[in-house]
$ cat structure_19.cif   # mmCIF, C-alpha atoms
data_data
#
loop_
_atom_site.label_atom_id
_atom_site.label_comp_id
_atom_site.auth_asym_id
_atom_site.auth_seq_id
_atom_site.Cartn_x
_atom_site.Cartn_y
_atom_site.Cartn_z
CA MET D 1430 202.86 101.66 317.78
CA SER D 1431 204.14 99.75 314.77
CA VAL D 1432 202.89 96.25 313.86
CA THR D 1433 203.95 93.74 311.22
CA ILE D 1434 201.30 91.70 309.41
CA SER D 1435 201.07 89.55 306.31
CA SER D 1436 199.48 90.57 303.06
CA THR D 1437 195.83 89.42 303.16
CA TYR D 1438 192.75 89.45 300.96
CA LEU D 1439 189.97 91.28 302.83
CA GLY D 1440 191.53 90.40 306.19
CA SER D 1441 189.67 89.45 309.33
CA THR D 1442 188.05 91.75 311.85
CA ALA D 1443 190.87 90.83 314.25
CA LEU D 1444 193.45 92.09 311.77
CA TYR D 1445 191.63 95.38 311.31
CA LYS D 1446 191.22 95.78 315.06
CA LEU D 1447 194.99 95.45 315.28
CA MET D 1448 195.41 98.10 312.57
CA ALA D 1449 192.98 100.43 314.36
CA GLY D 1450 195.35 100.52 317.35
CA ALA D 1451 198.50 101.04 315.28
CA ASP D 1452 200.25 104.09 313.87
CA ASP D 1453 202.33 102.17 311.34
CA VAL D 1454 201.47 98.87 309.64
CA LEU D 1455 204.33 97.03 307.98
CA ILE D 1456 203.18 94.39 305.49
CA GLU D 1457 205.46 91.39 305.07
CA VAL D 1458 206.10 90.61 301.41
CA ASN D 1459 209.50 88.92 301.71
CA ASP D 1460 208.34 85.67 303.26
CA HIS D 1461 207.68 82.51 301.28
CA TYR D 1462 204.19 81.96 299.94
CA SER D 1463 202.34 78.99 301.35
CA ARG D 1464 198.95 77.63 300.37
CA GLN D 1465 195.82 77.54 302.50
CA THR D 1466 196.25 80.98 304.04
CA PHE D 1467 194.31 84.24 304.02
CA ARG D 1468 196.80 85.80 301.61
CA ASN D 1469 194.46 84.95 298.75
CA ARG D 1470 191.33 83.92 300.65
CA CYS D 1471 188.69 85.58 302.80
CA LEU D 1472 185.56 84.48 304.65
CA ILE D 1473 182.14 86.07 304.25
CA LEU D 1474 178.71 85.04 305.55
CA GLY D 1475 176.19 84.27 302.84
CA PRO D 1476 172.72 82.74 302.72
CA ASN D 1477 174.23 79.23 302.94
CA GLY D 1478 176.66 79.99 305.76
CA VAL D 1479 180.36 80.85 305.78
CA GLU D 1480 181.77 81.10 302.28
CA ALA D 1481 185.45 81.20 301.35
CA LEU D 1482 186.36 83.44 298.43
CA THR D 1483 189.70 82.41 296.93
CA ILE D 1484 191.76 84.33 294.39
CA PRO D 1485 193.42 81.83 292.03
CA VAL D 1486 197.17 82.24 291.72
CA ILE D 1487 199.71 80.74 289.35
CA LYS D 1488 201.16 77.72 291.11
CA PRO D 1489 204.27 79.03 292.82
CA GLN D 1490 207.59 77.29 292.57
CA GLU D 1491 209.13 76.14 295.82
CA LYS D 1492 210.02 79.08 298.05
CA THR D 1493 208.40 81.79 295.93
CA LEU D 1494 208.28 85.13 297.72
CA VAL D 1495 204.84 86.53 298.48
CA GLN D 1496 205.68 89.67 296.49
CA ASP D 1497 206.17 87.51 293.37
CA ILE D 1498 202.83 85.67 293.43
CA ILE D 1499 200.84 86.31 290.24
CA ILE D 1500 197.04 86.26 290.06
CA ASP D 1501 195.73 83.65 287.64
CA GLY D 1502 192.91 84.68 285.32
CA THR D 1503 190.13 87.21 285.63
CA GLU D 1504 186.92 85.17 286.04
CA TRP D 1505 187.27 85.17 289.82
CA ARG D 1506 186.61 88.93 289.97
CA THR D 1507 183.04 88.59 288.68
CA GLN D 1508 182.44 85.51 290.82
CA HIS D 1509 183.64 87.23 293.99
CA TRP D 1510 181.62 90.37 293.37
CA ARG D 1511 178.47 88.29 292.74
CA ALA D 1512 179.12 86.37 295.97
CA ILE D 1513 179.53 89.64 297.88
CA GLU D 1514 176.30 90.96 296.38
CA ALA D 1515 174.44 87.74 297.25
CA ALA D 1516 175.74 87.81 300.81
CA TYR D 1517 175.22 91.51 301.52
CA ASN D 1518 172.46 92.65 299.16
CA SER D 1519 170.09 92.92 302.12
CA SER D 1520 172.72 94.44 304.42
CA PRO D 1521 172.24 98.08 305.35
CA PHE D 1522 175.44 99.35 303.68
CA LEU D 1523 176.35 97.45 300.48
CA GLU D 1524 174.70 100.08 298.33
CA PHE D 1525 176.50 102.81 300.28
CA TYR D 1526 179.99 101.29 299.77
CA ALA D 1527 179.58 99.52 296.41
CA ASP D 1528 181.21 102.35 294.43
CA ASP D 1529 184.27 102.14 296.69
CA LEU D 1530 184.61 98.37 296.38
CA LEU D 1531 183.54 97.52 292.82
CA PRO D 1532 186.64 99.00 291.13
CA PHE D 1533 188.76 96.29 292.80
CA TYR D 1534 186.66 93.72 290.95
CA THR D 1535 186.88 95.41 287.56
CA LYS D 1536 190.54 96.50 287.45
CA GLN D 1537 193.05 93.86 286.47
CA TYR D 1538 195.97 93.27 288.84
CA ARG D 1539 199.01 91.16 288.01
CA PHE D 1540 200.47 90.66 291.49
CA LEU D 1541 198.47 89.50 294.49
CA VAL D 1542 200.29 91.85 296.89
CA ASP D 1543 199.39 94.89 294.80
CA PHE D 1544 195.71 93.96 294.80
CA ASN D 1545 195.75 93.15 298.52
CA PHE D 1546 197.66 96.31 299.40
CA GLU D 1547 195.32 98.69 297.59
CA LEU D 1548 192.22 96.92 298.87
CA GLN D 1549 193.62 96.74 302.41
CA GLN D 1550 194.25 100.50 302.45
CA ARG D 1551 190.80 101.25 301.04
CA LEU D 1552 189.01 98.97 303.51
CA ALA D 1553 190.95 100.53 306.40
CA GLN D 1554 189.94 103.99 305.19
CA LEU D 1555 186.27 102.99 304.90
CA LEU D 1556 186.44 101.56 308.43
CA GLY D 1557 187.79 104.86 309.76
CA ILE D 1558 191.26 103.49 310.51
CA LYS D 1559 194.09 105.99 310.24
CA CYS D 1560 197.52 104.37 309.98
CA ASN D 1561 200.48 104.38 307.63
CA PHE D 1562 201.04 101.32 305.43
CA SER D 1563 204.34 100.17 303.97
CA PHE D 1564 206.03 96.98 302.74
CA THR D 1565 208.97 95.21 304.34
CA ASN D 1566 212.32 95.51 302.55
CA THR D 1567 213.77 92.22 303.77
CA PHE D 1568 212.57 89.29 305.84
CA ASN D 1569 213.38 89.57 309.52
CA HIS D 1570 212.75 86.67 311.94
CA ASP D 1571 212.82 88.86 315.05
CA VAL D 1572 210.08 91.46 314.81
CA ILE D 1573 208.46 93.40 317.63
CA ASN D 1574 204.64 93.28 317.49
CA ASP D 1575 204.75 90.39 315.01
CA TYR D 1576 201.26 89.41 313.85
CA ARG D 1577 202.27 87.73 310.60
CA GLY D 1578 200.89 84.43 311.91
CA LEU D 1579 197.30 85.71 311.72
CA VAL D 1580 197.42 84.90 308.00
CA GLU D 1581 197.28 81.17 308.79
CA LYS D 1582 193.83 79.58 308.64
CA LYS D 1583 194.23 77.77 311.94
CA SER D 1584 195.88 80.62 313.81
CA ALA D 1585 194.26 81.42 317.15
CA VAL D 1586 193.12 85.02 317.45
CA PRO D 1587 194.58 86.73 320.54
CA ALA D 1588 191.85 87.61 323.05
CA GLU D 1589 192.63 91.31 322.80
CA LEU D 1590 191.81 91.24 319.07
CA ALA D 1591 188.41 89.57 319.41
CA ILE D 1592 185.50 91.90 318.76
CA LYS D 1593 182.09 91.93 320.36
CA PRO D 1594 179.14 90.57 318.37
CA TYR D 1595 177.64 92.95 315.84
CA TYR D 1596 174.62 92.84 313.53
CA GLN D 1597 174.94 90.29 310.71
CA VAL D 1598 172.36 89.79 307.95
CA PHE D 1599 172.08 86.04 308.55
CA ARG D 1600 172.50 86.13 312.33
CA GLU D 1601 168.99 84.76 312.97
CA LYS D 1602 169.76 81.79 310.75
CA PHE D 1603 173.33 81.01 311.89
CA GLY D 1604 173.84 82.96 315.12
CA PHE D 1605 176.71 85.41 315.38
CA THR D 1606 179.64 84.20 313.26
CA PRO D 1607 183.08 85.45 314.39
CA GLY D 1608 186.29 85.37 312.35
CA LEU D 1609 184.90 86.79 309.12
CA SER D 1610 186.45 89.37 306.84
CA ALA D 1611 186.26 92.95 308.08
CA LEU D 1612 184.15 93.52 304.97
CA ASP D 1613 181.31 91.77 306.84
CA LEU D 1614 181.59 94.27 309.69
CA LEU D 1615 181.72 97.26 307.31
CA LEU D 1616 178.71 96.22 305.24
CA ASN D 1617 176.60 95.37 308.29
CA GLU D 1618 177.54 98.27 310.57
CA GLY D 1619 178.69 101.01 308.19
CA PRO D 1620 180.09 104.11 309.93
CA GLU D 1621 179.50 102.44 313.33
CA ALA D 1622 181.98 99.65 312.41
CA VAL D 1623 184.92 101.58 313.84
CA LEU D 1624 183.35 101.42 317.31
CA PHE D 1625 183.77 97.62 317.27
CA LEU D 1626 187.46 97.99 316.41
CA GLN D 1627 188.40 100.36 319.24
#
$ encode --input "structure_19.cif" --output "C-alpha coordinates"
Amino acid sequence: MSVTISSTYLGSTALYKLMAGADDVLIEVNDHYSRQTFRNRCLILGPNGVEALTIPVIKPQEKTLVQDIIIDGTEWRTQHWRAIEAAYNSSPFLEFYADDLLPFYTKQYRFLVDFNFELQQRLAQLLGIKCNFSFTNTFNHDVINDYRGLVEKKSAVPAELAIKPYYQVFREKFGFTPGLSALDLLLNEGPEAVLFLQ
(Lines of atoms letter the chains of each structure in order from A and count residues from 1; the text may use other names and numbers.)
(Lines give C-alpha, C1' and ligand atoms only; values in the text may rest on other atoms or scores of the structure.)
Protein backbone atom coordinates (compact mmCIF):
# COMPACT_ATOMS: atom_id res chain seq x y z
CA MET A 1 0.00 0.00 0.00
CA SER A 2 1.16 3.52 -0.79
CA VAL A 3 0.19 6.54 1.34
CA THR A 4 0.76 10.27 0.93
CA ILE A 5 1.58 12.37 3.99
CA SER A 6 2.96 15.82 4.72
CA SER A 7 6.46 16.58 5.88
CA THR A 8 6.40 16.67 9.70
CA TYR A 9 8.77 17.28 12.60
CA LEU A 10 8.76 14.18 14.82
CA GLY A 11 5.26 13.24 13.65
CA SER A 12 2.51 11.78 15.79
CA THR A 13 2.03 8.17 16.79
CA ALA A 14 -0.95 8.09 14.39
CA LEU A 15 1.30 9.07 11.50
CA TYR A 16 3.82 6.37 12.33
CA LYS A 17 1.07 3.79 12.72
CA LEU A 18 0.02 4.71 9.20
CA MET A 19 3.62 4.28 7.99
CA ALA A 20 3.89 0.90 9.74
CA GLY A 21 1.07 -0.41 7.52
CA ALA A 22 2.48 1.03 4.29
CA ASP A 23 4.99 -0.19 1.73
CA ASP A 24 5.61 3.23 0.19
CA VAL A 25 5.33 6.63 1.87
CA LEU A 26 5.14 9.64 -0.42
CA ILE A 27 5.92 12.93 1.34
CA GLU A 28 4.19 16.00 -0.04
CA VAL A 29 6.62 18.88 -0.54
CA ASN A 30 4.83 20.74 -3.34
CA ASP A 31 1.98 22.15 -1.30
CA HIS A 32 1.97 25.65 0.15
CA TYR A 33 3.38 26.14 3.62
CA SER A 34 0.93 27.27 6.26
CA ARG A 35 1.59 28.21 9.86
CA GLN A 36 0.37 26.40 12.95
CA THR A 37 0.94 22.88 11.63
CA PHE A 38 3.11 19.93 12.61
CA ARG A 39 5.48 20.62 9.72
CA ASN A 40 7.77 22.46 12.12
CA ARG A 41 6.21 21.52 15.47
CA CYS A 42 5.86 18.41 17.61
CA LEU A 43 4.32 17.56 20.97
CA ILE A 44 6.14 15.83 23.81
CA LEU A 45 5.13 15.17 27.42
CA GLY A 46 7.36 16.83 29.98
CA PRO A 47 7.25 17.38 33.74
CA ASN A 48 4.86 20.33 33.25
CA GLY A 49 2.55 18.60 30.79
CA VAL A 50 2.33 18.68 27.00
CA GLU A 51 5.06 20.81 25.48
CA ALA A 52 5.21 22.03 21.88
CA LEU A 53 8.65 22.16 20.32
CA THR A 54 8.70 24.53 17.35
CA ILE A 55 11.46 24.93 14.77
CA PRO A 56 11.69 28.61 13.79
CA VAL A 57 11.50 29.24 10.07
CA ILE A 58 12.13 32.32 7.97
CA LYS A 59 8.77 33.98 7.45
CA PRO A 60 7.54 32.60 4.15
CA GLN A 61 6.18 34.80 1.42
CA GLU A 62 2.62 34.14 0.35
CA LYS A 63 2.28 30.72 -1.25
CA THR A 64 5.79 29.49 -0.49
CA LEU A 65 6.20 25.79 -1.24
CA VAL A 66 6.97 23.53 1.70
CA GLN A 67 10.18 22.38 -0.02
CA ASP A 68 11.44 26.01 0.01
CA ILE A 69 10.98 26.72 3.73
CA ILE A 70 14.28 27.66 5.38
CA ILE A 71 15.09 27.01 9.04
CA ASP A 72 15.85 30.20 10.94
CA GLY A 73 18.82 30.15 13.32
CA THR A 74 20.47 27.40 15.30
CA GLU A 75 19.59 28.10 18.95
CA TRP A 76 16.45 25.98 18.72
CA ARG A 77 18.53 22.80 18.33
CA THR A 78 20.03 23.07 21.83
CA GLN A 79 16.70 24.13 23.31
CA HIS A 80 14.85 21.19 21.76
CA TRP A 81 17.46 18.66 22.83
CA ARG A 82 17.39 20.00 26.41
CA ALA A 83 13.59 19.78 26.41
CA ILE A 84 13.77 16.18 25.16
CA GLU A 85 16.30 15.33 27.87
CA ALA A 86 14.15 16.99 30.57
CA ALA A 87 11.06 15.13 29.39
CA TYR A 88 12.62 11.69 28.90
CA ASN A 89 15.67 11.59 31.18
CA SER A 90 13.84 9.18 33.47
CA SER A 91 12.33 7.19 30.58
CA PRO A 92 13.68 3.68 30.07
CA PHE A 93 15.15 4.32 26.60
CA LEU A 94 16.54 7.86 26.16
CA GLU A 95 20.04 6.70 26.96
CA PHE A 96 19.64 3.79 24.54
CA TYR A 97 18.58 6.00 21.59
CA ALA A 98 20.42 9.26 22.37
CA ASP A 99 23.30 8.53 19.98
CA ASP A 100 20.78 8.01 17.15
CA LEU A 101 18.89 11.23 17.85
CA LEU A 102 21.51 13.74 19.01
CA PRO A 103 23.14 14.20 15.57
CA PHE A 104 19.90 15.81 14.33
CA TYR A 105 20.36 18.47 17.00
CA THR A 106 24.02 19.16 16.24
CA LYS A 107 24.05 19.12 12.41
CA GLN A 108 22.94 22.29 10.69
CA TYR A 109 20.16 21.98 8.12
CA ARG A 110 19.11 24.75 5.74
CA PHE A 111 15.74 23.43 4.58
CA LEU A 112 13.02 22.18 6.90
CA VAL A 113 12.04 19.32 4.58
CA ASP A 114 15.58 17.95 4.55
CA PHE A 115 15.74 17.92 8.35
CA ASN A 116 12.25 16.41 8.63
CA PHE A 117 12.93 13.80 5.95
CA GLU A 118 16.15 12.50 7.50
CA LEU A 119 14.69 12.51 11.00
CA GLN A 120 11.46 10.88 9.80
CA GLN A 121 13.39 8.03 8.17
CA ARG A 122 15.57 7.54 11.24
CA LEU A 123 12.63 7.53 13.65
CA ALA A 124 10.79 5.03 11.44
CA GLN A 125 13.86 2.80 11.43
CA LEU A 126 14.21 2.99 15.22
CA LEU A 127 10.52 2.10 15.55
CA GLY A 128 11.02 -0.99 13.39
CA ILE A 129 9.02 0.38 10.44
CA LYS A 130 10.11 -0.85 7.03
CA CYS A 131 8.80 1.29 4.18
CA ASN A 132 10.19 3.26 1.26
CA PHE A 133 10.18 7.06 1.50
CA SER A 134 10.14 9.51 -1.40
CA PHE A 135 9.07 13.07 -2.19
CA THR A 136 6.26 14.15 -4.48
CA ASN A 137 7.27 15.65 -7.83
CA THR A 138 4.20 17.83 -8.29
CA PHE A 139 1.12 18.69 -6.29
CA ASN A 140 -1.87 16.49 -7.03
CA HIS A 141 -5.33 17.24 -5.56
CA ASP A 142 -6.65 13.73 -6.14
CA VAL A 143 -4.53 11.25 -4.24
CA ILE A 144 -5.46 7.75 -3.12
CA ASN A 145 -4.73 7.13 0.58
CA ASP A 146 -4.32 10.87 1.19
CA TYR A 147 -3.29 11.59 4.79
CA ARG A 148 -1.76 15.01 4.19
CA GLY A 149 -4.40 16.56 6.45
CA LEU A 150 -2.88 14.92 9.54
CA VAL A 151 -0.33 17.74 9.55
CA GLU A 152 -3.00 20.19 10.72
CA LYS A 153 -3.13 20.81 14.47
CA LYS A 154 -6.90 20.40 14.67
CA SER A 155 -7.14 17.42 12.36
CA ALA A 156 -9.12 14.51 13.80
CA VAL A 157 -7.17 11.26 13.91
CA PRO A 158 -9.00 8.42 12.12
CA ALA A 159 -10.06 5.72 14.58
CA GLU A 160 -7.96 3.10 12.80
CA LEU A 161 -4.81 5.15 13.51
CA ALA A 162 -5.40 5.57 17.25
CA ILE A 163 -3.05 3.51 19.38
CA LYS A 164 -3.72 1.85 22.70
CA PRO A 165 -2.32 3.46 25.86
CA TYR A 166 1.33 2.75 26.58
CA TYR A 167 3.69 3.55 29.44
CA GLN A 168 4.52 7.26 29.76
CA VAL A 169 6.96 8.72 32.29
CA PHE A 170 4.44 11.27 33.61
CA ARG A 171 1.34 9.09 33.29
CA GLU A 172 0.70 9.06 37.05
CA LYS A 173 0.72 12.86 37.07
CA PHE A 174 -1.28 13.54 33.88
CA GLY A 175 -2.92 10.24 32.94
CA PHE A 176 -2.29 8.75 29.52
CA THR A 177 -1.77 11.55 26.98
CA PRO A 178 -2.62 10.62 23.36
CA GLY A 179 -1.59 12.54 20.24
CA LEU A 180 2.07 13.01 21.10
CA SER A 181 5.07 12.62 18.84
CA ALA A 182 6.08 9.05 18.07
CA LEU A 183 9.31 9.97 19.85
CA ASP A 184 7.34 9.66 23.12
CA LEU A 185 6.35 6.10 22.24
CA LEU A 186 9.90 5.15 21.24
CA LEU A 187 11.56 6.55 24.36
CA ASN A 188 9.00 5.01 26.70
CA GLU A 189 8.57 1.59 25.07
CA GLY A 190 11.81 1.07 23.15
CA PRO A 191 11.86 -2.09 21.00
CA GLU A 192 8.28 -2.87 22.11
CA ALA A 193 7.03 0.37 20.47
CA VAL A 194 6.40 -1.37 17.15
CA LEU A 195 3.78 -3.59 18.80
CA PHE A 196 1.63 -0.49 19.44
CA LEU A 197 1.87 0.48 15.76
CA GLN A 198 0.70 -2.83 14.30
$ atom_distance --input "structure_19.cif" --atom1 "atom CA of Ala1622 of chain D" --atom2 "atom CA of Phe1544 of chain D"
23.0 Å
$ atom_distance --input "structure_19.cif" --atom1 "atom CA of Phe1603 of chain D" --atom2 "atom CA of Leu1472 of chain D"
14.6 Å
$ resolve_selection --input "structure_19.cif" --expression "the PyMOL selection byres ((chain D and resi 1610) around 12)" --output "PyMOL selection string"
chain D and resi 1437-1446+1467+1470-1474+1479-1482+1513+1549+1552+1580+1606-1609+1611-1617
$ closest_residue --input "structure_19.cif" --among "D:Pro1485, D:Ala1527, D:Gln1496, D:Pro1587" --to "Gln1508 of chain D" --atoms "all atoms listed in the file"
D:Pro1485
$ atom_distance --input "structure_19.cif" --atom1 "atom CA of Tyr1596 of chain D" --atom2 "atom CA of Arg1506 of chain D"
26.7 Å
$ resolve_selection --input "structure_19.cif" --expression "the PyMOL selection byres ((chain D and resi 1621) around 12)" --output "MDAnalysis selection string"
chainID D and resid 1521:1522 1555:1557 1595:1596 1614:1620 1622:1627
$ write_last_selection --input "structure_19.cif" --atoms "C-alpha atoms" --output "PDB file, in the coordinates of the input"
ATOM      1  CA  PRO D1521     172.240  98.080 305.350  1.00  0.00           C
ATOM      2  CA  PHE D1522     175.440  99.350 303.680  1.00  0.00           C
ATOM      3  CA  LEU D1555     186.270 102.990 304.900  1.00  0.00           C
ATOM      4  CA  LEU D1556     186.440 101.560 308.430  1.00  0.00           C
ATOM      5  CA  GLY D1557     187.790 104.860 309.760  1.00  0.00           C
ATOM      6  CA  TYR D1595     177.640  92.950 315.840  1.00  0.00           C
ATOM      7  CA  TYR D1596     174.620  92.840 313.530  1.00  0.00           C
ATOM      8  CA  LEU D1614     181.590  94.270 309.690  1.00  0.00           C
ATOM      9  CA  LEU D1615     181.720  97.260 307.310  1.00  0.00           C
ATOM     10  CA  LEU D1616     178.710  96.220 305.240  1.00  0.00           C
ATOM     11  CA  ASN D1617     176.600  95.370 308.290  1.00  0.00           C
ATOM     12  CA  GLU D1618     177.540  98.270 310.570  1.00  0.00           C
ATOM     13  CA  GLY D1619     178.690 101.010 308.190  1.00  0.00           C
ATOM     14  CA  PRO D1620     180.090 104.110 309.930  1.00  0.00           C
ATOM     15  CA  ALA D1622     181.980  99.650 312.410  1.00  0.00           C
ATOM     16  CA  VAL D1623     184.920 101.580 313.840  1.00  0.00           C
ATOM     17  CA  LEU D1624     183.350 101.420 317.310  1.00  0.00           C
ATOM     18  CA  PHE D1625     183.770  97.620 317.270  1.00  0.00           C
ATOM     19  CA  LEU D1626     187.460  97.990 316.410  1.00  0.00           C
ATOM     20  CA  GLN D1627     188.400 100.360 319.240  1.00  0.00           C
TER      21      GLN D1627
END
$ residues_around --input "structure_19.cif" --residues "Arg1464 of chain D" --least-positions-apart "3" --cutoff "10 Å" --atoms "only C-alpha atoms" --output "ChimeraX atom specification"
/D:1467-1470,1486,1488-1489,1581-1582
$ closest_residue --input "structure_19.cif" --among "D:Ile1498, D:Ala1451, D:Ile1558, D:Val1432" --to "Ser1463 of chain D" --atoms "all atoms listed in the file"
D:Ile1498
